[in-house]
file run29.cif (mmCIF, C-alpha atoms, pLDDT in the B column; chains and numbers go by the auth columns)
data_run
loop_
_atom_site.group_PDB
_atom_site.id
_atom_site.type_symbol
_atom_site.label_atom_id
_atom_site.label_comp_id
_atom_site.label_asym_id
_atom_site.label_seq_id
_atom_site.Cartn_x
_atom_site.Cartn_y
_atom_site.Cartn_z
_atom_site.B_iso_or_equiv
_atom_site.auth_seq_id
_atom_site.auth_asym_id
ATOM 1 C CA MET A 1 -16.329 -30.704 105.991 78.00 12 A
ATOM 2 C CA GLU A 2 -14.021 -29.205 103.394 92.00 13 A
ATOM 3 C CA GLN A 3 -15.729 -27.697 100.368 96.00 14 A
ATOM 4 C CA TYR A 4 -14.154 -30.021 97.801 97.00 15 A
ATOM 5 C CA ILE A 5 -15.307 -33.071 99.778 98.00 16 A
ATOM 6 C CA GLU A 6 -18.846 -31.721 99.958 98.00 17 A
ATOM 7 C CA LYS A 7 -18.802 -31.079 96.203 98.00 18 A
ATOM 8 C CA THR A 8 -17.537 -34.605 95.546 98.00 19 A
ATOM 9 C CA MET A 9 -20.251 -36.149 97.701 98.00 20 A
ATOM 10 C CA LYS A 10 -22.997 -34.168 95.983 98.00 21 A
ATOM 11 C CA ASN A 11 -21.767 -35.280 92.575 98.00 22 A
ATOM 12 C CA LEU A 12 -21.427 -38.909 93.649 98.00 23 A
ATOM 13 C CA GLU A 13 -25.067 -38.805 94.727 98.00 24 A
ATOM 14 C CA ARG A 14 -26.030 -37.155 91.443 98.00 25 A
ATOM 15 C CA ASN A 15 -24.316 -40.054 89.683 98.00 26 A
ATOM 16 C CA GLY A 16 -26.346 -42.649 91.595 98.00 27 A
ATOM 17 C CA MET A 17 -23.723 -43.576 94.189 98.00 28 A
ATOM 18 C CA LYS A 18 -24.400 -43.229 97.922 98.00 29 A
ATOM 19 C CA PRO A 19 -21.802 -41.093 99.745 98.00 30 A
ATOM 20 C CA TYR A 20 -21.022 -41.186 103.465 98.00 31 A
ATOM 21 C CA TYR A 21 -18.727 -38.899 105.418 98.00 32 A
ATOM 22 C CA CYS A 22 -16.384 -39.687 108.301 98.00 33 A
ATOM 23 C CA GLU A 23 -14.238 -37.137 110.052 98.00 34 A
ATOM 24 C CA THR A 24 -11.836 -39.882 111.180 98.00 35 A
ATOM 25 C CA LYS A 25 -11.164 -43.505 110.236 98.00 36 A
ATOM 26 C CA GLU A 26 -12.562 -44.639 113.602 98.00 37 A
ATOM 27 C CA GLU A 27 -16.022 -43.687 112.331 98.00 38 A
ATOM 28 C CA VAL A 28 -15.880 -46.079 109.357 98.00 39 A
ATOM 29 C CA LEU A 29 -16.753 -49.392 111.031 98.00 40 A
ATOM 30 C CA PRO A 30 -20.046 -48.210 112.596 98.00 41 A
ATOM 31 C CA ILE A 31 -21.245 -47.129 109.151 98.00 42 A
ATOM 32 C CA ILE A 32 -20.230 -50.457 107.626 98.00 43 A
ATOM 33 C CA LYS A 33 -21.984 -52.418 110.374 98.00 44 A
ATOM 34 C CA SER A 34 -25.191 -50.555 109.533 98.00 45 A
ATOM 35 C CA LEU A 35 -24.922 -51.549 105.874 98.00 46 A
ATOM 36 C CA ILE A 36 -24.322 -55.319 106.162 98.00 47 A
ATOM 37 C CA ASN A 37 -26.186 -58.086 107.959 97.00 48 A
ATOM 38 C CA LYS A 38 -24.662 -60.963 109.904 97.00 49 A
ATOM 39 C CA GLY A 39 -24.435 -64.143 107.867 98.00 50 A
ATOM 40 C CA GLU A 40 -24.188 -62.360 104.523 98.00 51 A
ATOM 41 C CA SER A 41 -21.382 -63.203 102.105 98.00 52 A
ATOM 42 C CA VAL A 42 -18.616 -60.627 101.923 98.00 53 A
ATOM 43 C CA SER A 43 -15.296 -60.318 100.134 98.00 54 A
ATOM 44 C CA ASN A 44 -12.698 -57.697 99.326 98.00 55 A
ATOM 45 C CA GLY A 45 -10.050 -56.375 97.010 95.00 56 A
ATOM 46 C CA GLY A 46 -6.541 -55.638 98.196 92.00 57 A
ATOM 47 C CA SER A 47 -6.588 -52.310 100.018 95.00 58 A
ATOM 48 C CA GLU A 48 -4.364 -50.495 102.474 96.00 59 A
ATOM 49 C CA SER A 49 -7.296 -48.168 103.204 98.00 60 A
ATOM 50 C CA LEU A 50 -9.452 -51.066 104.405 98.00 61 A
ATOM 51 C CA LYS A 51 -6.580 -52.357 106.501 97.00 62 A
ATOM 52 C CA GLU A 52 -6.007 -48.978 108.158 98.00 63 A
ATOM 53 C CA CYS A 53 -9.702 -48.726 109.107 98.00 64 A
ATOM 54 C CA GLY A 54 -9.958 -52.242 110.565 98.00 65 A
ATOM 55 C CA VAL A 55 -12.333 -53.542 107.909 98.00 66 A
ATOM 56 C CA PHE A 56 -10.511 -56.850 107.452 97.00 67 A
ATOM 57 C CA GLU A 57 -10.825 -57.642 111.151 97.00 68 A
ATOM 58 C CA LEU A 58 -14.540 -56.850 111.015 98.00 69 A
ATOM 59 C CA ILE A 59 -15.459 -58.999 108.018 98.00 70 A
ATOM 60 C CA GLY A 60 -13.223 -61.842 109.203 97.00 71 A
ATOM 61 C CA ASN A 61 -14.573 -61.996 112.769 97.00 72 A
ATOM 62 C CA GLY A 62 -16.921 -64.917 112.087 97.00 73 A
ATOM 63 C CA ASP A 63 -20.162 -62.942 111.858 98.00 74 A
ATOM 64 C CA TYR A 64 -20.126 -63.039 108.060 98.00 75 A
ATOM 65 C CA ASP A 65 -19.539 -65.558 105.280 98.00 76 A
ATOM 66 C CA PHE A 66 -16.110 -64.174 104.437 98.00 77 A
ATOM 67 C CA ILE A 67 -14.752 -65.219 101.047 98.00 78 A
ATOM 68 C CA ASP A 68 -11.047 -64.858 101.790 96.00 79 A
ATOM 69 C CA ARG A 69 -8.520 -65.424 99.024 93.00 80 A
ATOM 70 C CA SER A 70 -5.431 -64.826 101.175 91.00 81 A
ATOM 71 C CA GLY A 71 -3.082 -67.810 101.274 90.00 82 A
ATOM 72 C CA LEU A 72 -4.773 -69.511 98.351 92.00 83 A
ATOM 73 C CA GLN A 73 -2.984 -70.580 95.182 93.00 84 A
ATOM 74 C CA GLY A 74 -3.783 -71.726 91.662 94.00 85 A
ATOM 75 C CA GLU A 75 -7.334 -72.817 90.928 96.00 86 A
ATOM 76 C CA ALA A 76 -8.405 -72.087 94.515 97.00 87 A
ATOM 77 C CA VAL A 77 -7.745 -68.374 93.941 95.00 88 A
ATOM 78 C CA ARG A 78 -9.853 -68.371 90.789 96.00 89 A
ATOM 79 C CA GLU A 79 -12.697 -70.100 92.637 97.00 90 A
ATOM 80 C CA ALA A 80 -12.526 -67.474 95.395 97.00 91 A
ATOM 81 C CA TYR A 81 -12.627 -64.688 92.801 97.00 92 A
ATOM 82 C CA LEU A 82 -15.702 -66.223 91.164 97.00 93 A
ATOM 83 C CA ARG A 83 -17.473 -66.615 94.524 97.00 94 A
ATOM 84 C CA ALA A 84 -16.633 -63.007 95.376 98.00 95 A
ATOM 85 C CA PHE A 85 -18.209 -61.882 92.111 97.00 96 A
ATOM 86 C CA GLY A 86 -21.583 -63.089 93.401 97.00 97 A
ATOM 87 C CA CYS A 87 -21.256 -62.007 97.037 98.00 98 A
ATOM 88 C CA ASP A 88 -23.650 -59.757 98.933 98.00 99 A
ATOM 89 C CA THR A 89 -21.076 -57.055 99.701 98.00 100 A
ATOM 90 C CA TYR A 90 -17.690 -56.364 98.166 98.00 101 A
ATOM 91 C CA PHE A 91 -15.235 -54.080 99.960 98.00 102 A
ATOM 92 C CA CYS A 92 -12.487 -52.082 98.290 98.00 103 A
ATOM 93 C CA SER A 93 -11.109 -48.595 97.895 98.00 104 A
ATOM 94 C CA SER A 94 -10.819 -46.488 94.759 98.00 105 A
ATOM 95 C CA ASN A 95 -7.592 -45.380 93.120 98.00 106 A
ATOM 96 C CA ALA A 96 -9.146 -41.947 92.675 98.00 107 A
ATOM 97 C CA VAL A 97 -12.465 -40.145 93.070 98.00 108 A
ATOM 98 C CA THR A 98 -13.084 -37.003 91.060 98.00 109 A
ATOM 99 C CA GLU A 99 -14.894 -33.926 92.303 98.00 110 A
ATOM 100 C CA ARG A 100 -17.275 -34.586 89.378 98.00 111 A
ATOM 101 C CA GLY A 101 -18.442 -37.742 91.176 98.00 112 A
ATOM 102 C CA GLU A 102 -16.558 -40.333 89.114 98.00 113 A
ATOM 103 C CA LEU A 103 -14.511 -43.316 90.281 98.00 114 A
ATOM 104 C CA TYR A 104 -11.273 -44.198 88.512 98.00 115 A
ATOM 105 C CA ASN A 105 -9.694 -47.609 89.020 98.00 116 A
ATOM 106 C CA VAL A 106 -6.813 -49.494 87.421 98.00 117 A
ATOM 107 C CA ASP A 107 -6.052 -53.188 87.992 96.00 118 A
ATOM 108 C CA GLY A 108 -3.729 -55.988 87.012 95.00 119 A
ATOM 109 C CA ASN A 109 -5.713 -59.172 87.762 92.00 120 A
ATOM 110 C CA SER A 110 -8.863 -57.038 87.464 95.00 121 A
ATOM 111 C CA ASN A 111 -10.962 -59.066 89.896 96.00 122 A
ATOM 112 C CA ARG A 112 -11.512 -55.830 91.836 97.00 123 A
ATOM 113 C CA ILE A 113 -12.719 -53.707 88.945 98.00 124 A
ATOM 114 C CA ALA A 114 -14.895 -56.599 87.728 98.00 125 A
ATOM 115 C CA CYS A 115 -16.720 -56.554 91.065 98.00 126 A
ATOM 116 C CA ILE A 116 -16.988 -52.773 91.046 98.00 127 A
ATOM 117 C CA VAL A 117 -18.662 -52.828 87.646 98.00 128 A
ATOM 118 C CA TYR A 118 -21.022 -55.778 88.176 98.00 129 A
ATOM 119 C CA GLY A 119 -21.684 -58.817 90.337 98.00 130 A
ATOM 120 C CA PRO A 120 -21.890 -58.168 94.090 98.00 131 A
ATOM 121 C CA ARG A 121 -25.211 -56.829 95.346 98.00 132 A
ATOM 122 C CA GLN A 122 -23.424 -53.836 96.791 98.00 133 A
ATOM 123 C CA VAL A 123 -19.922 -52.381 96.735 98.00 134 A
ATOM 124 C CA ILE A 124 -18.636 -50.445 99.743 98.00 135 A
ATOM 125 C CA MET A 125 -15.595 -48.277 99.127 98.00 136 A
ATOM 126 C CA VAL A 126 -13.522 -46.589 101.820 98.00 137 A
ATOM 127 C CA VAL A 127 -11.669 -43.579 100.432 98.00 138 A
ATOM 128 C CA GLY A 128 -9.320 -41.121 102.126 98.00 139 A
ATOM 129 C CA LYS A 129 -9.383 -37.448 101.180 98.00 140 A
ATOM 130 C CA ASN A 130 -5.968 -37.863 99.526 98.00 141 A
ATOM 131 C CA LYS A 131 -7.650 -39.769 96.679 98.00 142 A
ATOM 132 C CA ILE A 132 -9.991 -36.943 95.682 98.00 143 A
ATOM 133 C CA VAL A 133 -8.861 -35.184 92.509 98.00 144 A
ATOM 134 C CA PRO A 134 -10.414 -32.492 90.271 98.00 145 A
ATOM 135 C CA ASP A 135 -11.033 -34.621 87.160 98.00 146 A
ATOM 136 C CA ILE A 136 -10.191 -37.798 85.248 97.00 147 A
ATOM 137 C CA ASN A 137 -6.934 -36.389 83.865 96.00 148 A
ATOM 138 C CA ALA A 138 -5.771 -35.759 87.423 97.00 149 A
ATOM 139 C CA ALA A 139 -6.955 -39.256 88.372 98.00 150 A
ATOM 140 C CA ILE A 140 -4.854 -40.802 85.600 97.00 151 A
ATOM 141 C CA LYS A 141 -1.799 -38.911 86.789 96.00 152 A
ATOM 142 C CA ARG A 142 -2.483 -39.823 90.408 97.00 153 A
ATOM 143 C CA VAL A 143 -2.382 -43.544 89.634 97.00 154 A
ATOM 144 C CA LYS A 144 0.855 -43.194 87.686 97.00 155 A
ATOM 145 C CA GLU A 145 2.517 -41.173 90.474 96.00 156 A
ATOM 146 C CA LYS A 146 0.851 -42.038 93.777 96.00 157 A
ATOM 147 C CA ALA A 147 -0.889 -45.411 93.526 96.00 158 A
ATOM 148 C CA ALA A 148 0.955 -47.790 91.190 97.00 159 A
ATOM 149 C CA PRO A 149 4.533 -47.347 92.517 96.00 160 A
ATOM 150 C CA PRO A 150 3.821 -48.110 96.208 96.00 161 A
ATOM 151 C CA ASN A 151 1.435 -50.917 95.269 95.00 162 A
ATOM 152 C CA CYS A 152 4.144 -52.551 93.178 96.00 163 A
ATOM 153 C CA ARG A 153 6.558 -52.292 96.096 96.00 164 A
ATOM 154 C CA ARG A 154 3.923 -53.729 98.451 93.00 165 A
ATOM 155 C CA LEU A 155 3.518 -56.699 96.117 92.00 166 A
ATOM 156 C CA SER A 156 7.321 -57.021 95.637 95.00 167 A
ATOM 157 C CA LEU A 157 6.974 -56.587 91.889 95.00 168 A
ATOM 158 C CA ASP A 158 10.011 -55.748 89.769 94.00 169 A
ATOM 159 C CA THR A 159 8.530 -52.857 87.781 96.00 170 A
ATOM 160 C CA PRO A 160 10.130 -49.585 86.657 96.00 171 A
ATOM 161 C CA CYS A 161 7.695 -47.517 88.742 97.00 172 A
ATOM 162 C CA ALA A 162 8.663 -49.395 91.898 96.00 173 A
ATOM 163 C CA LYS A 163 12.224 -48.149 91.370 95.00 174 A
ATOM 164 C CA LEU A 164 11.560 -44.723 89.849 95.00 175 A
ATOM 165 C CA ASP A 165 8.570 -43.887 92.095 96.00 176 A
ATOM 166 C CA LYS A 166 6.544 -42.939 89.024 96.00 177 A
ATOM 167 C CA CYS A 167 5.378 -44.441 85.752 97.00 178 A
ATOM 168 C CA VAL A 168 7.860 -44.326 82.871 96.00 179 A
ATOM 169 C CA SER A 169 5.123 -42.807 80.693 96.00 180 A
ATOM 170 C CA LEU A 170 5.340 -39.537 82.650 95.00 181 A
ATOM 171 C CA ALA A 171 8.640 -38.833 80.887 93.00 182 A
ATOM 172 C CA ARG A 172 6.551 -38.079 77.787 89.00 183 A
ATOM 173 C CA GLU A 173 4.922 -34.705 77.285 85.00 184 A
ATOM 174 C CA ASN A 174 1.358 -36.012 77.020 85.00 185 A
ATOM 175 C CA PRO A 175 1.216 -39.638 78.208 87.00 186 A
ATOM 176 C CA PHE A 176 -1.824 -41.618 77.098 93.00 187 A
ATOM 177 C CA ILE A 177 -3.960 -43.283 79.769 95.00 188 A
ATOM 178 C CA CYS A 178 -2.671 -46.786 78.864 95.00 189 A
ATOM 179 C CA ASP A 179 0.982 -45.841 78.399 96.00 190 A
ATOM 180 C CA GLY A 180 3.401 -47.581 80.731 96.00 191 A
ATOM 181 C CA CYS A 181 6.006 -50.296 81.009 96.00 192 A
ATOM 182 C CA ALA A 182 5.944 -53.534 79.019 94.00 193 A
ATOM 183 C CA GLY A 183 6.904 -55.942 81.790 91.00 194 A
ATOM 184 C CA ASP A 184 5.001 -59.123 82.624 94.00 195 A
ATOM 185 C CA THR A 185 4.524 -57.902 86.208 94.00 196 A
ATOM 186 C CA ARG A 186 2.787 -54.674 85.172 96.00 197 A
ATOM 187 C CA ILE A 187 -0.267 -53.968 87.364 96.00 198 A
ATOM 188 C CA CYS A 188 -1.837 -51.310 85.126 97.00 199 A
ATOM 189 C CA CYS A 189 -3.737 -53.550 82.702 97.00 200 A
ATOM 190 C CA ASN A 190 -7.395 -52.580 82.748 98.00 201 A
ATOM 191 C CA TYR A 191 -8.852 -49.107 83.310 98.00 202 A
ATOM 192 C CA VAL A 192 -12.389 -48.347 84.480 98.00 203 A
ATOM 193 C CA VAL A 193 -14.259 -45.073 84.977 98.00 204 A
ATOM 194 C CA SER A 194 -17.504 -45.359 86.927 98.00 205 A
ATOM 195 C CA ALA A 195 -19.778 -42.434 86.097 98.00 206 A
ATOM 196 C CA LYS A 196 -23.592 -42.249 86.176 98.00 207 A
ATOM 197 C CA GLN A 197 -24.937 -45.530 87.626 98.00 208 A
ATOM 198 C CA ARG A 198 -28.144 -47.261 86.539 97.00 209 A
ATOM 199 C CA HIS A 199 -28.366 -49.262 89.775 98.00 210 A
ATOM 200 C CA LYS A 200 -28.845 -46.447 92.276 98.00 211 A
ATOM 201 C CA ASP A 201 -26.882 -46.675 95.537 98.00 212 A
ATOM 202 C CA ARG A 202 -25.368 -50.083 94.702 98.00 213 A
ATOM 203 C CA ILE A 203 -21.974 -48.423 95.070 98.00 214 A
ATOM 204 C CA LYS A 204 -21.474 -46.755 98.427 99.00 215 A
ATOM 205 C CA VAL A 205 -18.471 -44.477 98.984 98.00 216 A
ATOM 206 C CA ILE A 206 -17.328 -43.725 102.522 98.00 217 A
ATOM 207 C CA ILE A 207 -15.118 -40.641 102.376 98.00 218 A
ATOM 208 C CA VAL A 208 -12.782 -40.117 105.326 98.00 219 A
ATOM 209 C CA ASN A 209 -11.337 -36.685 106.077 98.00 220 A
ATOM 210 C CA GLU A 210 -7.876 -38.250 106.528 98.00 221 A
ATOM 211 C CA ASP A 211 -5.209 -39.629 104.211 98.00 222 A
ATOM 212 C CA LEU A 212 -5.652 -43.376 103.696 98.00 223 A
ATOM 213 C CA GLY A 213 -3.788 -45.885 101.575 96.00 224 A
ATOM 214 C CA TYR A 214 -2.084 -45.078 98.296 94.00 225 A
#

call {"tool": "encode", "arguments": {"input": "run29.cif", "output": "structure tokens"}}
result
Amino acid sequence: MEQYIEKTMKNLERNGMKPYYCETKEEVLPIIKSLINKGESVSNGGSESLKECGVFELIGNGDYDFIDRSGLQGEAVREAYLRAFGCDTYFCSSNAVTERGELYNVDGNSNRIACIVYGPRQVIMVVGKNKIVPDINAAIKRVKEKAAPPNCRRLSLDTPCAKLDKCVSLARENPFICDGCAGDTRICCNYVVSAKQRHKDRIKVIIVNEDLGY
């Protein structure tokens, strides 16, 4: 295990979050299976990391009460979001994890960060080593450079970062955390830092020693 990953895991644990380590993405599903029981309600946020590790296939295989919002529209989507808020296990990734043991996440609809903060009995995150950064300032920059642009392209959103491959705020000398475009399709709307947790081990972070997602 690389030293910066070990440091990150120790600080996550110090902050009341349970860390797990995988050398490869193939080791992720066995850990997840040990953390959830058949028949329990599960849901997820959008995540390329989960997709790359086969998590969607696992939770949608019929063994679990999968609250799936895909293909839904209008009020049905809202109802799925509200059901997910009270589920047993919520799966997602994190936009960044600091070596200080903090999680940094930015959302547009914000159903994902709502579930990270409160609601589901447990949150299981799958995070590639590419998302580990030294501190919150580096996490802010990572989202503006590495996470938001490809996510906007994935969602076919007409945003400046999708075209420029970085947030327009980075043209300024010292961009503020909330600086960005003013378009209606902007996905950087709400910003959450998860630090010391009162509910110990509710959030579980599976760190994979590979690059995953954005």

call {"tool": "closest_residue", "arguments": {"input": "run29.cif", "among": "A:Leu166, A:Val134, A:Val154, A:Met28", "to": "Gly191 (chain A)", "atoms": "only C-alpha atoms"}}
result
A:Val154

call {"tool": "closest_residue", "arguments": {"input": "run29.cif", "among": "A:Leu61, A:Ala149, A:Ile124, A:Val108", "to": "Asn22 (chain A)", "atoms": "all atoms listed in the file"}}
result
A:Val108

call {"tool": "residues_near_point", "arguments": {"input": "run29.cif", "point": "(-11.5, -32.9, 100.6)", "cutoff": "12 Å", "atoms": "only C-alpha atoms", "output": "PyMOL selection string"}}
result
chain A and resi 12-20+32-34+108-110+138-145+218-222

call {"tool": "atom_distance", "arguments": {"input": "run29.cif", "atom1": "CA of Tyr31 (chain A)", "atom2": "CA of Lys215 (chain A)"}}
result
7.5 Å

call {"tool": "resolve_selection", "arguments": {"input": "run29.cif", "expression": "the PyMOL selection byres ((chain A and resi 162) around 10)", "output": "list in words"}}
result
Gly57, Ser58, Glu59, Lys157, Ala158, Ala159, Pro160, Pro161, Cys163, Arg164, Arg165, Leu166, Ser167, Leu168, Cys172, Ala173, Ile198, Gly224 and Tyr225 of chain A

call {"tool": "residues_around", "arguments": {"input": "run29.cif", "residues": "Cys103 (chain A)", "least_positions_apart": "4", "cutoff": "12 Å", "atoms": "all atoms listed in the file", "output": "number ranges by chain"}}
result
A: 53-62, 64, 66-67, 116, 122-127, 131, 133-138, 214-217, 224

call {"tool": "resolve_selection", "arguments": {"input": "run29.cif", "expression": "the PyMOL selection byres ((chain A and resi 75-83) around 12)", "output": "PyMOL selection string"}}
result
chain A and resi 44+47-57+66-74+84-102+122

call {"tool": "resolve_selection", "arguments": {"input": "run29.cif", "expression": "the PyMOL selection byres ((chain A and resi 205) around 6)", "output": "ChimeraX atom specification"}}
result
/A:113-114,204,206

call {"tool": "closest_residue", "arguments": {"input": "run29.cif", "among": "A:Pro41, A:Gly112, A:Gly65, A:Pro186", "to": "Lys21 (chain A)", "atoms": "only C-alpha atoms"}}
result
A:Gly112

call {"tool": "closest_residue", "arguments": {"input": "run29.cif", "among": "A:Ser180, A:Arg111, A:Arg132, A:Lys36", "to": "Cys199 (chain A)", "atoms": "all atoms listed in the file"}}
result
A:Ser180

call {"tool": "closest_residue", "arguments": {"input": "run29.cif", "among": "A:Tyr115, A:Pro171, A:Glu24, A:Ala150", "to": "Gly194 (chain A)", "atoms": "only C-alpha atoms"}}
result
A:Pro171

call {"tool": "closest_residue", "arguments": {"input": "run29.cif", "among": "A:Ala182, A:Leu23, A:Leu223, A:Ala193", "to": "Thr170 (chain A)", "atoms": "all atoms listed in the file"}}
result
A:Ala193

call {"tool": "atom_distance", "arguments": {"input": "run29.cif", "atom1": "CA of Val128 (chain A)", "atom2": "CA of Thr196 (chain A)"}}
result
23.8 Å

call {"tool": "atom_distance", "arguments": {"input": "run29.cif", "atom1": "CA of Asp176 (chain A)", "atom2": "CA of Glu156 (chain A)"}}
result
6.8 Å

call {"tool": "axis_aligned_box", "arguments": {"input": "run29.cif", "around": "region 21-33 of chain A", "padding_each_side": "8 Å", "output": "AutoDock Vina command-line options"}}
result
--center_x -21.4 --center_y -38.9 --center_z 99.0 --size_x 26.0 --size_y 25.4 --size_z 34.6

call {"tool": "residues_around", "arguments": {"input": "run29.cif", "residues": "Asp190 (chain A)", "least_positions_apart": "5", "cutoff": "9 Å", "atoms": "all atoms listed in the file", "output": "PyMOL selection string"}}
result
chain A and resi 178-181

call {"tool": "write_last_selection", "arguments": {"input": "run29.cif", "atoms": "C-alpha atoms", "output": "compact mmCIF listing (two decimals), in the frame of the given file"}}
result
# COMPACT_ATOMS: atom_id res chain seq x y z
CA CYS A 178 5.38 -44.44 85.75
CA VAL A 179 7.86 -44.33 82.87
CA SER A 180 5.12 -42.81 80.69
CA LEU A 181 5.34 -39.54 82.65

call {"tool": "decode", "arguments": {"input": "run29.cif", "residues": "region 208-224 of chain A", "atoms": "N, CA and C atoms", "output": "CSV table (one decimal), in the first residue's frame"}}
result
chain,number,residue,atom,x,y,z
A,208,GLN,N,-17.1,12.6,11.9
A,208,GLN,CA,-18.5,12.1,11.9
A,208,GLN,C,-19.0,11.7,13.3
A,209,ARG,N,-20.2,12.1,13.7
A,209,ARG,CA,-20.8,11.7,15.0
A,209,ARG,C,-21.3,10.2,15.0
A,210,HIS,N,-21.7,9.8,13.8
A,210,HIS,CA,-22.2,8.4,13.7
A,210,HIS,C,-21.1,7.5,13.1
A,211,LYS,N,-20.4,6.9,14.0
A,211,LYS,CA,-19.1,6.2,13.7
A,211,LYS,C,-19.4,5.1,12.7
A,212,ASP,N,-18.6,5.0,11.7
A,212,ASP,CA,-18.6,3.9,10.7
A,212,ASP,C,-19.9,3.9,9.8
A,213,ARG,N,-20.7,4.9,9.9
A,213,ARG,CA,-21.9,4.9,9.0
A,213,ARG,C,-21.4,5.1,7.6
A,214,ILE,N,-20.4,5.9,7.4
A,214,ILE,CA,-19.8,6.1,6.0
A,214,ILE,C,-18.6,5.1,5.9
A,215,LYS,N,-18.6,4.3,4.9
A,215,LYS,CA,-17.6,3.3,4.7
A,215,LYS,C,-16.9,3.7,3.3
A,216,VAL,N,-15.6,3.8,3.3
A,216,VAL,CA,-14.9,4.2,2.1
A,216,VAL,C,-14.0,3.1,1.7
A,217,ILE,N,-14.3,2.5,0.5
A,217,ILE,CA,-13.4,1.5,-0.1
A,217,ILE,C,-12.5,2.1,-1.1
A,218,ILE,N,-11.2,2.1,-0.7
A,218,ILE,CA,-10.2,2.8,-1.5
A,218,ILE,C,-9.5,1.7,-2.4
A,219,VAL,N,-9.5,1.9,-3.7
A,219,VAL,CA,-8.9,1.0,-4.6
A,219,VAL,C,-7.6,1.6,-5.2
A,220,ASN,N,-6.6,0.8,-5.2
A,220,ASN,CA,-5.2,1.2,-5.6
A,220,ASN,C,-5.2,1.2,-7.2
A,221,GLU,N,-6.2,1.8,-7.8
A,221,GLU,CA,-6.3,1.9,-9.2
A,221,GLU,C,-7.0,3.3,-9.5
A,222,ASP,N,-6.9,3.8,-10.7
A,222,ASP,CA,-7.7,4.9,-11.1
A,222,ASP,C,-9.1,4.5,-11.5
A,223,LEU,N,-10.1,5.2,-10.9
A,223,LEU,CA,-11.5,4.9,-11.2
A,223,LEU,C,-12.3,6.1,-11.4
A,224,GLY,N,-13.1,6.1,-12.3
A,224,GLY,CA,-14.1,7.3,-12.5
A,224,GLY,C,-13.3,8.6,-12.8
